file structure19.txt (compact mmCIF, C-alpha atoms)
# COMPACT_ATOMS: atom_id res chain seq x y z
CA MET A 1 148.34 12.81 110.42
CA GLN A 2 150.64 11.82 113.28
CA THR A 3 150.53 13.37 116.73
CA THR A 4 153.59 13.57 118.97
CA ASN A 5 152.77 10.20 120.53
CA GLY A 6 152.46 8.56 117.11
CA THR A 7 148.69 8.05 117.21
CA ASP A 8 146.86 8.43 113.91
CA ARG A 9 144.42 11.31 114.37
CA THR A 10 143.66 12.24 110.76
CA GLU A 11 139.92 11.71 110.94
CA ASN A 12 139.56 13.38 114.32
CA ARG A 13 141.47 16.48 113.24
CA ARG A 14 139.79 17.13 109.89
CA GLU A 15 138.08 20.52 109.81
CA SER A 16 138.97 21.12 113.46
CA ARG A 17 139.25 24.71 114.58
CA TYR A 18 142.20 26.21 116.45
CA ASP A 19 143.01 29.64 117.72
CA VAL A 20 146.41 29.42 116.04
CA VAL A 21 148.10 27.12 113.56
CA VAL A 22 151.89 27.30 113.57
CA VAL A 23 153.41 26.17 110.28
CA GLY A 24 156.84 24.72 111.02
CA GLY A 25 158.19 22.99 114.11
CA GLY A 26 161.73 24.30 114.34
CA ALA A 27 163.04 26.67 117.00
CA ALA A 28 160.77 29.53 115.93
CA GLY A 29 157.63 27.42 115.62
CA LEU A 30 158.13 25.54 118.89
CA SER A 31 158.96 28.73 120.77
CA ALA A 32 155.78 30.34 119.47
CA ALA A 33 153.75 27.26 120.35
CA LEU A 34 155.11 27.24 123.90
CA VAL A 35 153.99 30.83 124.47
CA LEU A 36 150.59 30.18 122.91
CA GLY A 37 150.00 27.05 124.95
CA ARG A 38 150.90 28.83 128.17
CA ALA A 39 148.45 31.57 127.18
CA ARG A 40 145.71 28.90 126.99
CA HIS A 41 145.19 29.18 123.24
CA SER A 42 144.28 26.05 121.27
CA THR A 43 147.32 25.57 119.06
CA LEU A 44 148.36 23.15 116.34
CA VAL A 45 151.93 22.87 115.06
CA VAL A 46 152.27 21.36 111.58
CA ASP A 47 155.83 20.20 111.05
CA ALA A 48 157.31 18.55 107.96
CA GLY A 49 160.40 17.48 109.93
CA GLU A 50 163.02 19.20 107.74
CA PRO A 51 165.05 21.52 110.01
CA ARG A 52 167.72 23.62 108.34
CA ASN A 53 170.42 22.58 110.82
CA ALA A 54 169.79 18.83 110.50
CA PRO A 55 173.24 18.18 108.90
CA SER A 56 175.01 19.62 111.96
CA ALA A 57 176.00 17.39 114.85
CA HIS A 58 175.80 20.27 117.32
CA MET A 59 174.44 23.80 117.64
CA GLN A 60 176.48 26.53 119.28
CA GLY A 61 176.01 30.02 120.64
CA TYR A 62 172.67 29.40 122.38
CA LEU A 63 173.13 30.15 126.09
CA THR A 64 172.62 26.97 128.21
CA ARG A 65 172.24 24.92 125.01
CA ASP A 66 175.72 25.38 123.57
CA GLY A 67 176.89 22.12 121.99
CA MET A 68 173.50 20.43 122.06
CA ALA A 69 172.51 18.26 119.11
CA PRO A 70 169.77 19.96 117.04
CA ALA A 71 167.61 16.83 117.16
CA GLU A 72 167.81 16.76 120.97
CA PHE A 73 166.90 20.45 121.14
CA LEU A 74 163.79 19.90 119.04
CA ALA A 75 162.81 16.78 120.98
CA LEU A 76 162.93 18.73 124.25
CA GLY A 77 160.89 21.50 122.67
CA ARG A 78 158.21 19.07 121.57
CA GLU A 79 158.04 17.65 125.09
CA GLU A 80 157.65 21.13 126.55
CA ILE A 81 154.79 22.23 124.30
CA ALA A 82 152.94 18.97 124.99
CA ARG A 83 152.71 19.98 128.68
CA TYR A 84 150.38 22.79 127.63
CA ASP A 85 148.16 20.66 125.37
CA VAL A 86 149.69 22.02 122.19
CA GLU A 87 149.22 19.50 119.39
CA LEU A 88 151.93 18.69 116.88
CA VAL A 89 151.40 16.70 113.68
CA ARG A 90 154.00 15.45 111.23
CA ASP A 91 152.58 16.82 108.01
CA ARG A 92 153.01 19.62 105.50
CA VAL A 93 150.77 22.61 104.83
CA VAL A 94 150.13 22.73 101.09
CA ASP A 95 147.75 25.68 100.92
CA VAL A 96 146.03 28.31 103.02
CA THR A 97 142.74 29.95 102.11
CA PRO A 98 141.88 33.20 103.91
CA GLY A 99 138.38 33.97 105.12
CA GLU A 100 136.62 34.53 108.41
CA LEU A 101 138.92 31.70 109.47
CA PHE A 102 142.01 30.50 107.62
CA THR A 103 141.53 27.09 106.04
CA VAL A 104 144.81 25.20 106.22
CA ALA A 105 145.07 22.30 103.76
CA LEU A 106 147.38 19.41 104.71
CA GLU A 107 149.43 17.20 102.42
CA LYS A 108 148.24 13.97 104.01
CA GLY A 109 144.64 14.95 103.53
CA GLY A 110 142.01 17.03 105.25
CA SER A 111 142.30 20.55 106.58
CA VAL A 112 142.04 22.54 109.77
CA ARG A 113 140.84 26.06 110.45
CA ALA A 114 142.55 28.78 112.43
CA ARG A 115 141.92 32.32 113.59
CA ARG A 116 145.59 33.25 113.23
CA LEU A 117 148.70 31.83 111.54
CA ILE A 118 152.37 31.88 112.41
CA VAL A 119 154.56 30.82 109.48
CA ALA A 120 157.93 29.42 110.56
CA THR A 121 158.82 27.35 107.51
CA GLY A 122 162.50 28.31 107.44
CA LEU A 123 164.75 27.92 104.42
CA LYS A 124 166.88 25.38 102.62
CA ASP A 125 170.59 25.75 101.84
CA GLU A 126 171.48 24.95 98.23
CA MET A 127 175.10 23.86 98.08
CA PRO A 128 177.65 24.99 95.46
CA ASP A 129 177.90 22.52 92.59
CA VAL A 130 181.31 21.14 93.52
CA PRO A 131 181.77 17.38 94.02
CA GLY A 132 182.00 16.50 97.70
CA VAL A 133 180.61 19.74 99.10
CA ALA A 134 177.02 18.65 99.71
CA GLU A 135 178.11 15.28 101.07
CA ARG A 136 180.41 16.84 103.67
CA PHE A 137 178.25 19.81 104.62
CA GLY A 138 177.78 20.12 108.36
CA ARG A 139 180.96 18.19 109.14
CA ASP A 140 184.10 19.75 107.68
CA VAL A 141 182.31 21.78 105.02
CA LEU A 142 180.74 24.65 106.92
CA HIS A 143 179.10 28.02 106.31
CA CYS A 144 179.04 29.98 109.60
CA PRO A 145 182.09 30.73 111.77
CA PHE A 146 179.86 31.80 114.66
CA CYS A 147 178.23 28.37 114.55
CA HIS A 148 181.35 26.26 114.05
CA GLY A 149 184.48 28.44 114.20
CA TRP A 150 185.51 27.52 117.74
CA GLU A 151 185.27 23.79 117.06
CA VAL A 152 187.66 24.01 114.07
CA ARG A 153 189.87 26.84 115.30
CA ASP A 154 193.49 26.95 114.08
CA GLU A 155 192.93 24.30 111.43
CA PRO A 156 193.83 25.04 107.78
CA PHE A 157 190.76 26.79 106.37
CA GLY A 158 189.60 27.09 102.80
CA VAL A 159 186.85 29.41 101.59
CA LEU A 160 185.07 28.55 98.34
CA ALA A 161 184.08 31.77 96.63
CA SER A 162 180.64 31.93 95.08
CA SER A 163 180.68 35.70 94.47
CA ALA A 164 182.80 38.71 95.29
CA MET A 165 180.93 38.79 98.63
CA SER A 166 182.90 35.69 99.62
CA VAL A 167 185.80 38.00 100.41
CA HIS A 168 183.85 39.07 103.49
CA GLN A 169 183.42 35.44 104.53
CA ALA A 170 187.15 34.80 104.14
CA LEU A 171 188.00 37.87 106.21
CA MET A 172 185.61 36.79 108.94
CA VAL A 173 186.70 33.16 109.21
CA SER A 174 190.35 34.22 109.36
CA ARG A 175 189.52 35.35 112.90
CA TRP A 176 189.46 31.66 113.85
CA SER A 177 192.50 30.53 111.83
CA LYS A 178 195.59 32.34 110.62
CA ASP A 179 195.96 29.69 107.90
CA THR A 180 193.13 30.67 105.55
CA THR A 181 192.96 30.37 101.75
CA LEU A 182 190.33 31.93 99.52
CA PHE A 183 189.66 29.82 96.41
CA LEU A 184 188.22 32.16 93.79
CA HIS A 185 186.68 29.25 91.88
CA ARG A 186 184.51 30.93 89.23
CA VAL A 187 185.00 34.47 90.55
CA ALA A 188 187.35 36.54 88.39
CA GLU A 189 190.25 38.27 90.11
CA GLU A 190 189.06 41.50 88.51
CA GLU A 191 185.90 41.37 90.63
CA LEU A 192 187.94 41.95 93.78
CA THR A 193 188.42 45.60 94.67
CA ASP A 194 191.67 47.16 95.76
CA LEU A 195 190.25 47.37 99.32
CA ASP A 196 189.38 43.67 99.16
CA LEU A 197 192.94 42.78 98.24
CA ARG A 198 194.44 45.00 100.92
CA ARG A 199 192.16 43.56 103.60
CA LEU A 200 192.94 40.00 102.53
CA ALA A 201 196.64 40.74 102.69
CA ALA A 202 196.28 42.35 106.12
CA ALA A 203 194.38 39.29 107.36
CA GLY A 204 197.02 36.94 105.95
CA VAL A 205 194.52 35.26 103.62
CA ASP A 206 196.05 33.60 100.57
CA VAL A 207 194.12 33.98 97.30
CA VAL A 208 194.10 31.11 94.80
CA PRO A 209 192.61 31.79 91.34
CA GLY A 210 191.18 29.05 89.18
CA GLU A 211 188.24 26.69 89.36
CA VAL A 212 187.84 24.12 92.12
CA ALA A 213 187.22 20.63 90.70
CA GLY A 214 186.40 18.80 93.92
CA LEU A 215 187.39 17.86 97.44
CA VAL A 216 189.89 15.28 98.65
CA ALA A 217 189.00 13.14 101.66
CA GLU A 218 190.82 10.36 103.48
CA ASP A 219 189.24 8.17 106.19
CA ASP A 220 186.09 10.28 105.81
CA ARG A 221 187.93 13.50 106.67
CA LEU A 222 188.57 16.45 104.39
CA THR A 223 192.25 16.67 103.54
CA GLY A 224 192.41 18.96 100.54
CA VAL A 225 190.86 21.03 97.76
CA ARG A 226 191.60 19.89 94.21
CA MET A 227 191.82 22.49 91.45
CA SER A 228 190.86 21.91 87.83
CA ASP A 229 194.56 21.71 86.88
CA GLY A 230 195.03 18.81 89.32
CA THR A 231 196.78 20.82 92.02
CA VAL A 232 195.71 19.88 95.55
CA HIS A 233 195.83 22.39 98.38
CA PRO A 234 195.88 20.73 101.82
CA ARG A 235 192.87 21.96 103.84
CA SER A 236 190.93 20.31 106.66
CA VAL A 237 187.99 22.74 106.73
CA LEU A 238 186.16 24.41 103.87
CA PHE A 239 183.73 27.29 104.32
CA VAL A 240 181.13 27.79 101.61
CA GLY A 241 178.31 30.20 100.90
CA PRO A 242 175.15 28.18 100.23
CA ARG A 243 172.39 29.75 98.19
CA PRO A 244 169.50 30.25 100.63
CA VAL A 245 166.10 29.18 99.33
CA PRO A 246 163.40 30.66 101.61
CA GLN A 247 160.36 28.42 102.08
CA THR A 248 157.90 31.27 101.70
CA GLY A 249 155.49 29.88 99.12
CA LEU A 250 152.51 30.01 101.50
CA LEU A 251 153.15 33.66 102.28
CA GLU A 252 153.46 34.51 98.61
CA ARG A 253 150.18 32.76 97.80
CA LEU A 254 148.50 34.70 100.60
CA GLY A 255 149.66 37.90 98.92
CA ALA A 256 152.19 38.98 101.56
CA GLU A 257 154.39 41.89 100.61
CA MET A 258 157.86 40.54 99.85
CA ASP A 259 161.31 42.11 99.84
CA GLU A 260 164.17 40.99 97.61
CA THR A 261 167.54 40.79 99.36
CA PRO A 262 170.98 39.48 98.34
CA PHE A 263 170.08 36.33 100.31
CA GLY A 264 166.63 35.63 98.90
CA THR A 265 163.12 37.04 98.95
CA TYR A 266 161.48 37.38 102.36
CA PRO A 267 158.22 38.81 103.71
CA VAL A 268 158.10 42.36 104.96
CA VAL A 269 157.32 42.16 108.69
CA ASP A 270 157.06 44.53 111.64
CA GLY A 271 159.04 44.19 114.85
CA ASN A 272 156.82 41.33 116.03
CA GLY A 273 156.79 39.41 112.76
CA LEU A 274 153.40 40.61 111.51
CA THR A 275 153.23 40.38 107.71
CA SER A 276 151.16 42.58 105.43
CA VAL A 277 148.43 39.90 105.51
CA PRO A 278 146.05 40.48 108.45
CA GLY A 279 146.24 37.63 110.93
CA VAL A 280 149.51 36.19 109.59
CA TRP A 281 152.85 36.40 111.38
CA ALA A 282 156.22 34.96 110.33
CA ALA A 283 159.35 34.06 112.31
CA GLY A 284 162.73 32.36 112.03
CA ASN A 285 164.48 31.83 108.72
CA ALA A 286 161.15 32.46 106.99
CA ILE A 287 161.93 36.17 107.53
CA GLY A 288 165.68 36.24 106.95
CA PHE A 289 168.88 34.35 106.17
CA THR A 290 170.76 35.22 109.35
CA GLU A 291 168.18 34.05 111.90
CA GLN A 292 170.25 31.62 113.98
CA VAL A 293 168.53 29.22 116.40
CA VAL A 294 168.62 31.70 119.27
CA HIS A 295 167.18 34.46 117.04
CA ALA A 296 164.53 32.13 115.67
CA ALA A 297 163.39 31.14 119.15
CA SER A 298 163.21 34.80 120.15
CA GLY A 299 161.28 35.68 116.99
CA GLY A 300 158.78 32.92 117.62
CA TYR A 301 158.29 34.19 121.16
CA ARG A 302 157.69 37.76 119.97
CA ALA A 303 155.25 36.68 117.28
CA ALA A 304 153.29 34.56 119.73
CA THR A 305 152.96 37.33 122.31
CA ALA A 306 151.69 39.63 119.57
CA VAL A 307 149.14 37.01 118.49
CA VAL A 308 147.94 36.58 122.08
CA GLY A 309 147.45 40.32 122.39
CA ASP A 310 145.70 40.56 119.04
CA LEU A 311 143.26 37.77 119.85
CA ARG A 312 142.58 39.20 123.31
CA MET A 313 141.67 42.65 122.01
CA THR A 314 139.62 41.17 119.17
CA ASP A 315 137.57 39.09 121.60
CA LEU A 316 137.06 41.97 124.02
CA ASP A 317 135.95 44.31 121.22
CA ALA A 318 133.52 41.65 120.00
CA ALA A 319 132.12 41.33 123.51
CA ILE A 320 131.62 45.09 123.73
CA ALA A 321 129.91 45.21 120.33
CA GLY A 322 127.75 42.21 121.07

call {"tool": "encode", "arguments": {"input": "structure19.txt", "output": "structure tokens"}}
result
Amino acid sequence: MQTTNGTDRTENRRESRYDVVVVGGGAAGLSAALVLGRARHSTLVVDAGEPRNAPSAHMQGYLTRDGMAPAEFLALGREEIARYDVELVRDRVVDVTPGELFTVALEKGGSVRARRLIVATGLKDEMPDVPGVAERFGRDVLHCPFCHGWEVRDEPFGVLASSAMSVHQALMVSRWSKDTTLFLHRVAEEELTDLDLRRLAAAGVDVVPGEVAGLVAEDDRLTGVRMSDGTVHPRSVLFVGPRPVPQTGLLERLGAEMDETPFGTYPVVDGNGLTSVPGVWAAGNAIGFTEQVVHAASGGYRAATAVVGDLRMTDLDAAIAG
């Protein structure tokens, strides 16, 4: 187990007890840890080091952090939580056993115990199976116009359809470029409604039927989209709809109530992120597909304040009873 300063602390941390273990060290997990540390709670962050936005060179839309590299954002967050004696280890939680205390088993060996858990394990984006898409994702293959639209504004856009819902994506991204083409790929034209077609026409979005065979790149820049018939449509940006894969296995094993959505299965939580499992909160992309960095940080903050309140009342009630 590695601490933030790189020192091996596996033996020292085995079977240690914390007030809170935060599973995941992205924006949600670090934000929660910051609040917990400032509230003087012993806190351990277990982070596997696999942030969702790692492929992106910059993150946008976060006030005062607009344009910052995701890695720099996380590095600053780790420095901040260290000021409050929050510990962070580079490891993975492989299982959690409930009881009077949660027993949190770690991949590199050993376990720790915690009174409360905050799960901020995020999700992974599974790319469409089109040659070149995964390799270029985060550069000129993108998924969110709010994250990247300004940086690529007015360039020739393509949108790779993965379902009829991709019409909505094409209509949205056309806000940033009047030269937008929707490639239906494996979506049949018949799946588009009359309203879809009228909206696409009103937005000036061209619709190209047929399957996409791959991408064309020159000098490591996207230059076109190649169809299965060999036709190449010049495009410098391609928007795709990745299949989100929530990393919610721990919550499922704990028996958390889950909700199936068009973007994956997520835990049912209250306004502060409390799951149906007593003592377990969730935040960030572990609770939904659309939790951007700013939302994730806010969710981690809310969850942590709720945990602080819960622990405080629990301790006071125990003092009264005892």

call {"tool": "atom_distance", "arguments": {"input": "structure19.txt", "atom1": "atom CA of Ala203 of chain A", "atom2": "atom CA of Glu190 of chain A"}}
result
19.7 Å

call {"tool": "closest_atom_pairs", "arguments": {"input": "structure19.txt", "of": "segment 232-303 of chain A", "to": "segment 109-131 of chain A", "cutoff": "7 Å", "atoms": "all atoms listed in the file", "output": "CSV"}}
result
residue,atom,partner,partner_atom,distance
A:Pro242,CA,A:Met127,CA,4.8
A:Arg243,CA,A:Glu126,CA,4.9
A:Pro244,CA,A:Asp125,CA,4.8
A:Val245,CA,A:Lys124,CA,5.1
A:Pro246,CA,A:Leu123,CA,4.2
A:Gln247,CA,A:Leu123,CA,5.0
A:Gly279,CA,A:Arg116,CA,5.0
A:Val280,CA,A:Leu117,CA,4.8
A:Trp281,CA,A:Ile118,CA,4.7
A:Ala282,CA,A:Val119,CA,4.5
A:Ala283,CA,A:Ala120,CA,5.2
A:Gly284,CA,A:Ala120,CA,5.8
A:Asn285,CA,A:Gly122,CA,4.2
A:Ala286,CA,A:Gly122,CA,4.4

call {"tool": "atom_distance", "arguments": {"input": "structure19.txt", "atom1": "atom CA of Ala54 of chain A", "atom2": "atom CA of Pro145 of chain A"}}
result
17.2 Å

call {"tool": "residues_around", "arguments": {"input": "structure19.txt", "residues": "segment 57-73 of chain A", "least_positions_apart": "4", "cutoff": "12 Å", "atoms": "all atoms listed in the file", "output": "MDAnalysis selection string"}}
result
chainID A and resid 25:27 30:31 49:53 77:80 137:140 142 144:151 292:298

call {"tool": "closest_residue", "arguments": {"input": "structure19.txt", "among": "A:Val141, A:Leu238, A:Met172, A:Ala39", "to": "Pro55 of chain A", "atoms": "only C-alpha atoms"}}
result
A:Val141

call {"tool": "residues_around", "arguments": {"input": "structure19.txt", "residues": "Thr181 of chain A", "least_positions_apart": "3", "cutoff": "10 Å", "atoms": "all atoms listed in the file", "output": "PyMOL selection string"}}
result
chain A and resi 156-160+170+174+178+184+200+204-208+233+235+238

call {"tool": "closest_residue", "arguments": {"input": "structure19.txt", "among": "A:Ile287, A:Leu316, A:Leu44, A:Val104", "to": "Tyr84 of chain A", "atoms": "all atoms listed in the file"}}
result
A:Leu44

call {"tool": "residues_around", "arguments": {"input": "structure19.txt", "residues": "segment 254-261 of chain A", "least_positions_apart": "5", "cutoff": "6 Å", "atoms": "only C-alpha atoms", "output": "list in words"}}
result
Tyr266, Pro267, Val268, Ser276 and Val277 of chain A

call {"tool": "axis_aligned_box", "arguments": {"input": "structure19.txt", "around": "segment 73-76 of chain A", "padding_each_side": "5 Å", "output": "AutoDock Vina command-line options"}}
result
--center_x 164.9 --center_y 18.6 --center_z 121.6 --size_x 14.1 --size_y 13.7 --size_z 15.2

call {"tool": "closest_residue", "arguments": {"input": "structure19.txt", "among": "A:Leu274, A:Ala164, A:Ala318, A:Val307", "to": "Ala188 of chain A", "atoms": "all atoms listed in the file"}}
result
A:Ala164

call {"tool": "residues_around", "arguments": {"input": "structure19.txt", "residues": "Asp95 of chain A", "least_positions_apart": "6", "cutoff": "10 Å", "atoms": "all atoms listed in the file", "output": "list in words"}}
result
Thr103, Val104, Ala105, Leu106, Glu107, Ser111, Gly249, Leu250, Leu251, Arg253 and Leu254 of chain A

call {"tool": "write_last_selection", "arguments": {"input": "structure19.txt", "atoms": "C-alpha atoms", "output": "compact mmCIF listing (two decimals), in the coordinates of the input"}}
result
# COMPACT_ATOMS: atom_id res chain seq x y z
CA THR A 103 141.53 27.09 106.04
CA VAL A 104 144.81 25.20 106.22
CA ALA A 105 145.07 22.30 103.76
CA LEU A 106 147.38 19.41 104.71
CA GLU A 107 149.43 17.20 102.42
CA SER A 111 142.30 20.55 106.58
CA GLY A 249 155.49 29.88 99.12
CA LEU A 250 152.51 30.01 101.50
CA LEU A 251 153.15 33.66 102.28
CA ARG A 253 150.18 32.76 97.80
CA LEU A 254 148.50 34.70 100.60

call {"tool": "closest_residue", "arguments": {"input": "structure19.txt", "among": "A:Gly24, A:Leu88, A:Gly214, A:Ala32", "to": "Arg302 of chain A", "atoms": "all atoms listed in the file"}}
result
A:Ala32

call {"tool": "closest_residue", "arguments": {"input": "structure19.txt", "among": "A:Met165, A:Val232, A:Ala217, A:Val237", "to": "Asp179 of chain A", "atoms": "only C-alpha atoms"}}
result
A:Val237

call {"tool": "atom_distance", "arguments": {"input": "structure19.txt", "atom1": "atom CA of Ala201 of chain A", "atom2": "atom CA of Arg186 of chain A"}}
result
20.6 Å
